[in-house]
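S.K.: A single structure is presented below for examination.
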Amino acid sequence: MLKVALIGAGRIGHVHAVNIAGHAASQLAAVSDVNASAAQALAQTYGAQARTVEDILQDNTIDAVLIASSTDTHSDLIERASAAGKAVLCEKPVDLSLARAKACLNTVKDASKPIMIGFNRRFDPNFAQVKAAADAGEIGRPELLSITSFDPSPPPVSYVKVSGGLFRDMMIHDFDMANFIMGRSPKSVHAVGTSIVDPEIGAAGDVDTAVVTLTYDDGCIAVIKNSRRAVYGYDQRVELLGSEGLLSAANVLENTVSKATTAGVTSAKPEYFFLERYMRAYAAEWNAFVSAVQDEGKIPVTLADGVLALELAEAATQSAKSGSTVHL
């Protein structure tokens with residue numbers, strides 16, 4: 001039984017707590033948060049203890065740490081937990097600073113236990129099937145990848161100001177998805193961003209609508225589209241055009257009922273947000289982590305993967321500000 005400590009008792013911490021406690025091979029043993037009452041409440045729900053980070057790292061009975069705290073703590077906690085001999089699953093991104101993320105990667109390069117980054121979308125059954133079919137050559141040579149990722153509504157401006165910006169906070173998932181599906185990193189990044197959803201987001205120095213083009217050495221192209229507002233729900237689609245066909249993963253709808261009348265054909269809207277859309281992916285992600293730790297298998301999403309996605313986010317941020325293509 002893998003004894004796990006959860007650092008971070010916020011919204012995403014609650015998602016992870018469900019999966020840790022519900023897995024047959026893991027136990028939620030401890031919860032820590034800067035908000036002591038939040039940690040205590042979550043710990044009580046699952047029969048765990050609310051403890052400090054220091055206590056958790058010094059406890060040799062804790063096998064693994066799941067880091068779901070604020071982004072500015074990620075690199076430090078990865079290093080500390082790894083040094084304490086714990087296996088680590090850390091939420092994205094590794095850091096808001098690419099230099100700090102690279103330093104973290106160097107610090108833990110000889111870690112004795114696995115370190116995995118939480119890009120949960122790789123574990124979505126639909127996206128995973130696109131990847132598997134592409135790797136099996138079912139559409140020939142992949143040539144053009146399109147990723148659509150629209151949120152139903154923008155976050156509070158107070159969050160935007162500390163998030164690191166749309167490219168590091170939101171589109172970083174899509175950069176990792178592009179790396180995952182294409183199986184390699186691009187040679188250049190060109191980004192265009194604007195603030196047309198909420199002027200206050202622009203006043204805070206960020207964008208809320210963006211398109212990024214990734215170009216690869218062999219001429220393949222990936223296009224990523226992000227918006228902070230899709231009034232009809234959480235729009236998450238992937239389309240991969242190849243020399244011999246097309247693979248696509250459509251939205252997951254609130255239900256499968258459709259209505260056909262003389263007025264037309266209608267169906268349900270996409271599921272509203274990531275908690276509904278990606279619960280299966282989070283569960284599969286945790287299962288993959290447990291398996292990698294217990295069986296000493298390959299880590300499906302490495303710290304290096306996390307640094308690479310952040311590098312693309314950094315390049316996109318620079319490109320959007322300068323108007324120029326950034327070559328990697």
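Chains: A, B, ... in order of the structure tokens. Residues: from 1 per chain. Ligands: from 1, in order shown.
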Apply DSSP to the structure's backbone, then extract all residues of stretch 72-208 of chain A labelled alpha helix (DSSP H) and return them as a PyMOL selection string.
M.R.: chain A and resi 74-83+98-107+125-135+157-163+166-169+172-182+199-203
S.K.: Residues within 10 Å of A:Gln40, please, as a VMD selection string. Count only C-alpha atoms; anything in the same chain fewer than 3 positions from it doesn't count.
M.R.: chain A and resid 9 30 to 33 35 to 37 43 to 45 48 to 51
S.K.: Dump as a Markdown table the rows for residues of stretch 251-295 of chain A within 12 Å of stretch 85-106 of chain A: closest atom pair and distance in Å with one decimal, only C-alpha atoms counted, ordered by chain and rising residue number.
M.R.:
```
| residue | atom | partner | partner_atom | distance |
| --- | --- | --- | --- | --- |
| A:Tyr282 | CA | A:Glu91 | CA | 11.0 |
| A:Glu285 | CA | A:Leu89 | CA | 9.7 |
| A:Trp286 | CA | A:Leu89 | CA | 8.6 |
| A:Asn287 | CA | A:Leu89 | CA | 11.5 |
| A:Ala288 | CA | A:Leu89 | CA | 10.6 |
| A:Phe289 | CA | A:Leu89 | CA | 7.4 |
| A:Val290 | CA | A:Ala87 | CA | 9.6 |
| A:Ser291 | CA | A:Ala87 | CA | 11.8 |
| A:Ala292 | CA | A:Ala87 | CA | 9.8 |
| A:Val293 | CA | A:Ala87 | CA | 7.1 |
| A:Gln294 | CA | A:Ala87 | CA | 10.2 |
```
S.K.: Within stretch 108-190 of chain A, find each residue whose DSSP state, derived from the backbone, is strand (DSSP E or B), and express the selection as a VMD selection string.
M.R.: chain A and resid 115 to 118 142 to 150 188 to 190
S.K.: I need the residue nearest A:Ile221 from this list: A:Ser243, A:Thr261, A:Ser188, A:Ser112. Use only C-alpha atoms for the distance.
M.R.: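 Result for the nearest residue to A:Ile221: A:Ser188.
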S.K.: Quick one: everything within 8 Å of stretch 192-204 of chain A, counting only C-alpha atoms, minus sequence neighbours fewer than 5 positions away in the same chain. Send it as a ChimeraX atom specification.
M.R.: /A:154,157,160-161,209-212,228-229,319-320,323
S.K.: Using only C-alpha atoms, can you tell me which of A:Val65, A:Ala178, A:Val15, A:Ala25 comes closest to A:Leu42?
M.R.: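 For A:Leu42, the nearest of the given residues is A:Val15.
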S.K.: Restrict the calculation to only C-alpha atoms, then for each residue of stretch 185-245 of chain A with any atom at most 7 Å from an atom of stretch 125-139 of chain A give the closest atom pair and their distance in Å to one decimal, rows by chain and rising residue number, as CSV.
M.R.:
```
residue,atom,partner,partner_atom,distance
A:Gly242,CA,A:Ile139,CA,5.1
A:Ser243,CA,A:Ile139,CA,6.3
A:Glu244,CA,A:Ile139,CA,4.6
A:Gly245,CA,A:Ile139,CA,4.5
```
S.K.: Find the distance between atom CA of A:Ile115 and atom CA of A:Val4 and write it in Å to one decimal.
M.R.: 13.9 Å
S.K.: Measuring atom to atom with only C-alpha atoms, identify which of A:Thr71, A:Gln236, A:Ser82, A:Thr107 is nearest to A:Pro152.
M.R.: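 Among A:Thr71, A:Gln236, A:Ser82, A:Thr107, it is A:Gln236 that comes nearest to A:Pro152.
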S.K.: One number please: atom CA of A:Ser324 to atom CA of A:Ala191, in Å, one decimal.
M.R.: 8.1 Å
S.K.: Rounded to one decimal, what separation in Å do you get between atom CA of A:Val238 and atom CA of A:Ser69?
M.R.: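 Going from atom CA of A:Val238 over to atom CA of A:Ser69, I get 29.0 Å.
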S.K.: With only C-alpha atoms as the atoms that count, which of A:Gln27, A:Asp63, A:Gly118, A:Ile147 lies nearest to A:Ser248?
M.R.: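 Smallest distance to A:Ser248 is found for A:Ile147.
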S.K.: Smallest atom-to-atom distance to A:Gly165: which of A:Thr148, A:Tyr272, A:His23, A:Gly205, using only C-alpha atoms?
M.R.: A:Gly205
